[in-house]
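Take a look at the structure below.
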2 protein chains.
Amino acid sequence: MTDLVSSVLSGNRRALARLLTHIQNETDEAGRALAALYPHTGRAHLIGVTGAPGTGKSTLVNALARAYRQQGRTVGIIAVDPSSPFSGGAVLGDRIRMQDLSGDPGVFIRSMATRGSLGGLARATGDSVRALDAGGFEVILIETVGAGQGEVDIAHAAHTTLVVEAPGLGDDIQAIKAGILEIADILVVNKADRPDAPQTVHALRAMLDLGARGPHDRWQAGALLPAQTPSTPQASGPARWDTPLAQTVALDGTGIPELVTLIDRHHDFLRETGQWKRWERTRLEQELAGRLQDALLARLLKETPHATIQFVLDQLVSRQLDPGSAVTHLLNNSHLSSSRYDQAGASSS
Amino acid sequence: MTDLVSSVLSGNRRALARLLTHIQNETDEAGRALAALYPHTGRAHLIGVTGAPGTGKSTLVNALARAYRQQGRTVGIIAVDPSSPFSGGAVLGDRIRMQDLSGDPGVFIRSMATRGSLGGLARATGDSVRALDAGGFEVILIETVGAGQGEVDIAHAAHTTLVVEAPGLGDDIQAIKAGILEIADILVVNKADRPDAPQTVHALRAMLDLGARGPHDRWQAGALLPAQTPSTPQASGPARWDTPLAQTVALDGTGIPELVTLIDRHHDFLRETGQWKRWERTRLEQELAGRLQDALLARLLKETPHATIQFVLDQLVSRQLDPGSAVTHLLNNSHLSSSRYDQAGASSS
């Protein structure tokens with residue numbers, strides 16, 4: 001075991017910070033450390049907090065963190081900013097707002113901004129959460145700025161997803177909400193002291209009643225195996241979670257204890273119904289699928305001469321080959337060269 | 001050539017509508033038709049229109065479509081709604097707003113909502129654009145609702161990307177803007193008749209001056225080949241495009257002719273500097289990479305017994321195997337079984 005790994009396991013904050021930097025820079029060291037830390041993960045309760053800009057997500061995350069600390073639970077916070085680091089404004093703003101937590105050794109905060117693709121960010125987020133989990137943090141809050149589907153995917157890497165709304169957002173945003181509602185385990189109307197809050201609460205309740213299917217559909221899709229394989233742990237009993245609506249004023253702490261209770265109730269629900277394990281398995285299946293895709297493409301590229309790829313691209317650009325046929329061509333080419341290699345290896349042994 | 005393909009090529013609207021439905025439902029027929037149509041693509045000017053909710057994107061898209069029609073150019077519109085079809089509100093709203101265009105045979109409008117993943121939506125959008133391109137539409141407007149990075153990726157599938165802003169959006173949204181600015185070929189401040197428009201214009205100009213790197217970086221990343229391979233067409237001359245800022249009032253058409261001129265200027269810039277071809281190649285390279293990943297994973301799953309995958313997943317869940325080692329295990333297993341198959345095939349022939 002490396003120094004970095006043992007330091008993270010023993011709760012050394014500087015080692016953890018160093019590991020998170022390795023993860024963000026996608027170094028080999030990060031991969032090695034995460035592999036070694038992996039047996040020590042899977043313990044923390046992962047809570048995603050997402051919603052449109054202006055809803056007060058960051059303030060809510062801070063209020064939740066404070067509440068957990070008062071209960072003696074340790075808290076990790078990953079604030080994900082899918083906008084690029086062009087201004088740095090949002091991330092910096094979060095850090096300043098979180099200053100009152102930063103002296104507490106029971107809290108660890110990390111902001112993450114996009115470097116490349118959203119997929120890369122999602123993986124770095126997942127790895128960072130895993131590092132905090134191995135570091136012994138009991139509750140991990142994953143905050144995402146933004147309201148798009150991409151951000152939703154990041155929030156999916158959580159056991160419990162909070163969707164935060166605020167009163168007085170326009171019709172256009174309402175439509176976006178619809179999509180985001182489906183992934184909510186708990187719906188939070190923040191800034192609930194505003195005069196127009198009752199209307200928003202009323203409208204959201206109506207949407208919930210209208211038949212949001214509940215978020216548990218997302219655990220059925222099989223990335224690698226058919227969804228209904230026998231060994232997949234199934235929920236026992238009538239495992240139905242009706243998304244509750246919480247009202248908070250994060251700025252002064254109103255409604256925060258009630259929200260913490262709801263989150264704990266969802267945690268217990270997941271544990272008691274077996275959905276926690278099902279979630280875990282599905283998430284690992286999806287991660288494995290993504291990693292396999294990356295590794296398979298890397299292997300294909302290693303086996304295929306650059307000239308072949310150039311040729312296929314030229315043919316695509318000049319419309320002499322369509323994308324589907326290009327794939328077939330490259331797969332067959334690589335397969336032939338790989339099997340020739342195998343036979344040569346077999347005959348020389 | 002099938003009936004569907006020849007009908008689409010001859011400009012039959014019902015055939016085109018049928019094909020788009022096939023694409024959205026991901027049928028085999030869609031794949032066959034797109035392969036046959038592929039030689040007839042690559043002609044249209046693809047224009048992405050993106051921005052936060054409430055900026056008046058849809059109205060702007062309609063105003064642009066009307067302006068193009070007055071010039072005698074045919075227009076396809078793909079309105080992408082990454083929120084799920086829970087309410088259907090946004091999509092329906094767009095359709096109603098576009099009613100004044102719907103009697104015109106020179107305009108084709110299609111709304112698309114998420115079925116599954118954002119990746120799936122991006123692919124369906126790309127395929128739909130290709131279908132409209134093959135159908136002879138000269139200008140294709142790709143409108144995305146939302147402001148997240150995921151939506152940005154969809155807008156990337158365009159030669160020219162318009163980022164639409166409106167006066168009076170809050171600080172929090174400002175931060176999101178920062179990321180989106182980088183991908184703008186043309187920045188549009190819509191609702192420019194509002195009293196607070198000058199401040200927004202001023203702030204955005206300052207951000208542009210501050211050093212948005214310009215959007216052309218995105219064409220350098222090599223999904224399959226190193227970025228600087230010799231045969232990649234390079235821009236000739238000092239191919240620098242300084243993102244202009246346009247002011248419009250889409251509702252009454254103010255500034256639309258000027259915006260159309262800017263878009264045409266960007267089109268000519270891309271053509272004259274060779275960046276059009278470079279864009280085309282990079283986009284096809286990215287598409288090929290994604291398709292290869294999907295095909296490779298499908299092949300691996302076909303070659304690997306379900307029991308093996310179940311076993312690996314069990315080990316992952318119980319933390320006896322880490323994800324990196326799981327990938328290695330599955331790759332080697334598949335490789336062995338595949339090479340055994342090849343050898344058996346070779347010795348029996």
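Going by the structure tokens order, chains are called A, B, ..., each with residues numbered from 1, while ligands are numbered from 1 in the order shown.
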Contacts of B:Asp104 within 12 Å, only C-alpha atoms, excl. fewer than 5 positions in-chain, as a ChimeraX atom specification
/B:13,65-66,69-70,72-76,98-99,109
List the spatial neighbours of B:Gln71 as a list in words - criterion: any atom at most 12 Å away, only C-alpha atoms, same-chain residues fewer than 4 positions off excluded.
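Those residues are Leu64, Ala65, Arg66, Ala67, Val75, Gly106, Glu138, Val139, Pro257, Val260 and Thr261 of chain B.
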Quick one, how far is atom CA of B:Phe311 from atom CA of B:Ala326?
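Taking atom CA of B:Phe311 as the start and atom CA of B:Ala326 as the end point, the length is 10.0 Å.
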Would you compute the distance between atom CA of A:Ile140 and atom CA of A:Ala44? Give it in Å to one decimal.
6.6 Å
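Using only C-alpha atoms for every distance, the candidate list B:Arg205, B:His266, B:His159, B:His40 yields B:His40 as the residue closest to chain A.
Near A:Ser325, within a cut-off of 10 Å and counting only C-alpha atoms, sit the residues Val312, Leu316, Leu330 and Leu331 of chain A; Ala35 of chain B, with same-chain residues fewer than 5 positions away left out.
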Which residues, written as a PyMOL selection string, have at least one atom at most 8 Å from stretch 163-166 of chain B, with only C-alpha atoms counted and residues fewer than 5 positions away on the same chain left out?
chain B and resi 49-52+54-57+180-181+183-192+197+200
Please produce an output containing all heavy atoms for each residue in the selection, written as a compact mmCIF listing (two decimals), in the first residue's frame.
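Done, and the output landed in result_2.txt:
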```txt
# COMPACT_ATOMS: atom_id res chain seq x y z
N VAL B 49 -28.62 26.95 -32.14
CA VAL B 49 -29.11 28.08 -31.35
C VAL B 49 -29.34 27.60 -29.93
O VAL B 49 -30.20 26.74 -29.69
CB VAL B 49 -30.43 28.65 -31.94
CG1 VAL B 49 -30.87 29.88 -31.16
CG2 VAL B 49 -30.26 29.00 -33.42
N THR B 50 -28.55 28.12 -29.00
CA THR B 50 -28.65 27.64 -27.63
C THR B 50 -28.65 28.81 -26.65
O THR B 50 -28.37 29.95 -27.03
CB THR B 50 -27.52 26.63 -27.31
OG1 THR B 50 -27.80 25.99 -26.07
CG2 THR B 50 -26.17 27.33 -27.21
N GLY B 51 -28.97 28.55 -25.43
CA GLY B 51 -29.03 29.62 -24.42
C GLY B 51 -29.96 29.22 -23.30
O GLY B 51 -30.68 28.22 -23.39
N ALA B 52 -29.98 30.01 -22.25
CA ALA B 52 -30.77 29.69 -21.06
C ALA B 52 -32.26 29.85 -21.35
O ALA B 52 -32.65 30.53 -22.30
CB ALA B 52 -30.35 30.59 -19.91
N GLY B 54 -35.90 31.34 -21.20
CA GLY B 54 -36.36 32.71 -21.02
C GLY B 54 -35.69 33.74 -21.91
O GLY B 54 -36.00 34.92 -21.84
N THR B 55 -34.74 33.29 -22.74
CA THR B 55 -34.05 34.25 -23.60
C THR B 55 -34.79 34.49 -24.91
O THR B 55 -34.41 35.38 -25.67
CB THR B 55 -32.63 33.75 -23.92
OG1 THR B 55 -32.72 32.42 -24.45
CG2 THR B 55 -31.76 33.72 -22.68
N GLY B 56 -35.81 33.70 -25.19
CA GLY B 56 -36.56 33.89 -26.42
C GLY B 56 -35.97 33.19 -27.63
O GLY B 56 -36.14 33.61 -28.76
N LYS B 57 -35.29 32.08 -27.37
CA LYS B 57 -34.67 31.30 -28.43
C LYS B 57 -35.65 30.90 -29.53
O LYS B 57 -35.35 31.02 -30.71
CB LYS B 57 -34.09 30.01 -27.87
CG LYS B 57 -32.74 30.08 -27.29
CD LYS B 57 -32.28 28.71 -26.83
CE LYS B 57 -33.30 27.97 -26.00
NZ LYS B 57 -33.63 28.63 -24.73
N ILE B 180 -20.76 28.95 -21.54
CA ILE B 180 -21.45 28.86 -22.82
C ILE B 180 -20.89 29.87 -23.82
O ILE B 180 -20.93 29.65 -25.04
CB ILE B 180 -22.97 29.02 -22.57
CG1 ILE B 180 -23.72 27.94 -23.33
CG2 ILE B 180 -23.46 30.39 -22.91
CD1 ILE B 180 -25.18 27.87 -22.98
N LEU B 181 -20.32 30.96 -23.30
CA LEU B 181 -19.75 31.97 -24.19
C LEU B 181 -18.65 31.40 -25.08
O LEU B 181 -18.50 31.77 -26.23
CB LEU B 181 -19.16 33.12 -23.37
CG LEU B 181 -20.12 34.21 -22.92
CD1 LEU B 181 -19.35 35.38 -22.37
CD2 LEU B 181 -20.99 34.64 -24.09
N ILE B 183 -18.36 28.75 -26.53
CA ILE B 183 -18.75 27.99 -27.72
C ILE B 183 -19.50 28.86 -28.72
O ILE B 183 -19.93 28.38 -29.75
CB ILE B 183 -19.60 26.76 -27.34
CG1 ILE B 183 -20.90 27.20 -26.63
CG2 ILE B 183 -18.85 25.81 -26.47
CD1 ILE B 183 -22.12 26.77 -27.34
N ALA B 184 -19.65 30.16 -28.41
CA ALA B 184 -20.42 31.04 -29.30
C ALA B 184 -19.59 31.48 -30.50
O ALA B 184 -18.49 31.98 -30.35
CB ALA B 184 -20.89 32.26 -28.53
N ASP B 185 -20.13 31.28 -31.70
CA ASP B 185 -19.57 31.92 -32.89
C ASP B 185 -20.18 33.30 -33.04
O ASP B 185 -19.53 34.22 -33.53
CB ASP B 185 -19.87 31.08 -34.13
CG ASP B 185 -19.17 29.73 -34.08
OD1 ASP B 185 -17.94 29.72 -33.89
OD2 ASP B 185 -19.86 28.70 -34.21
N ILE B 186 -21.42 33.42 -32.62
CA ILE B 186 -22.10 34.71 -32.61
C ILE B 186 -22.89 34.78 -31.31
O ILE B 186 -23.62 33.85 -30.96
CB ILE B 186 -23.06 34.85 -33.81
CG1 ILE B 186 -22.27 34.78 -35.13
CG2 ILE B 186 -23.84 36.17 -33.73
CD1 ILE B 186 -23.13 34.66 -36.38
N LEU B 187 -22.72 35.90 -30.61
CA LEU B 187 -23.45 36.10 -29.36
C LEU B 187 -24.64 37.01 -29.67
O LEU B 187 -24.48 38.06 -30.29
CB LEU B 187 -22.51 36.76 -28.36
CG LEU B 187 -22.89 36.76 -26.89
CD1 LEU B 187 -23.10 35.35 -26.38
CD2 LEU B 187 -21.76 37.42 -26.10
N VAL B 188 -25.84 36.59 -29.26
CA VAL B 188 -27.04 37.36 -29.55
C VAL B 188 -27.67 37.82 -28.25
O VAL B 188 -27.99 37.00 -27.39
CB VAL B 188 -28.06 36.52 -30.34
CG1 VAL B 188 -29.28 37.37 -30.71
CG2 VAL B 188 -27.43 35.92 -31.59
N VAL B 189 -27.82 39.14 -28.10
CA VAL B 189 -28.62 39.64 -26.99
C VAL B 189 -30.02 39.90 -27.53
O VAL B 189 -30.23 40.84 -28.30
CB VAL B 189 -28.04 40.91 -26.36
CG1 VAL B 189 -28.97 41.45 -25.28
CG2 VAL B 189 -26.67 40.61 -25.76
N ASN B 190 -30.93 39.02 -27.18
CA ASN B 190 -32.32 39.17 -27.63
C ASN B 190 -33.06 40.04 -26.60
O ASN B 190 -32.55 40.30 -25.52
CB ASN B 190 -32.97 37.79 -27.77
CG ASN B 190 -34.30 37.87 -28.50
OD1 ASN B 190 -34.50 38.73 -29.37
ND2 ASN B 190 -35.22 36.99 -28.15
N LYS B 191 -34.27 40.47 -26.96
CA LYS B 191 -35.05 41.39 -26.11
C LYS B 191 -34.24 42.66 -25.85
O LYS B 191 -34.23 43.20 -24.73
CB LYS B 191 -35.43 40.71 -24.78
CG LYS B 191 -36.15 39.37 -24.97
CD LYS B 191 -36.62 38.78 -23.64
CE LYS B 191 -37.32 37.42 -23.87
NZ LYS B 191 -37.82 36.81 -22.64
N ALA B 192 -33.56 43.12 -26.90
CA ALA B 192 -32.62 44.23 -26.77
C ALA B 192 -33.33 45.56 -26.59
O ALA B 192 -32.68 46.60 -26.42
CB ALA B 192 -31.69 44.28 -27.98
N ALA B 197 -31.04 46.39 -21.23
CA ALA B 197 -30.24 45.72 -22.25
C ALA B 197 -28.81 46.28 -22.34
O ALA B 197 -27.85 45.50 -22.44
CB ALA B 197 -30.94 45.80 -23.61
N THR B 200 -26.39 44.60 -19.97
CA THR B 200 -26.09 43.22 -20.35
C THR B 200 -25.11 43.20 -21.52
O THR B 200 -24.13 42.44 -21.51
CB THR B 200 -27.39 42.48 -20.73
OG1 THR B 200 -28.28 42.55 -19.62
CG2 THR B 200 -27.12 41.04 -21.08
```
Of the residues B:Gly48, B:Gly135, B:Gly253, B:Pro226, which is the one nearest to chain A, using only C-alpha atoms?
B:Pro226
Of the candidates A:Gln293, A:Gln315, A:Ser128, A:Asn12, which one gets nearest to chain B if we count only C-alpha atoms?
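The closest residue to chain B is A:Gln293.
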Could you check the closest approach to A:Val5 for each of A:Arg271, A:His22, A:Arg32, A:Arg43 and tell me which residue wins, using only C-alpha atoms?
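With only C-alpha atoms as the atom set, the closest residue is A:Arg32.
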Quick one: residues within 8 Å of B:Gly11, only C-alpha atoms counted, chain neighbours fewer than 3 positions away excluded, as a ChimeraX atom specification?
/B:7-8,16,135-136
Deliver the residues from the most recent selection as a file, using C-alpha atoms, as a PDB file, in the first residue's frame.
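This is the output file out-v2.pdb:
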```
ATOM      1  CA  SER B   7     -38.908   9.571 -51.501  1.00  0.00           C
ATOM      2  CA  VAL B   8     -36.795  11.536 -49.031  1.00  0.00           C
ATOM      3  CA  LEU B  16     -39.083  12.594 -44.331  1.00  0.00           C
ATOM      4  CA  GLY B 135     -33.850  16.038 -48.060  1.00  0.00           C
ATOM      5  CA  GLY B 136     -32.385  19.191 -49.572  1.00  0.00           C
TER       6      GLY B 136
END
```
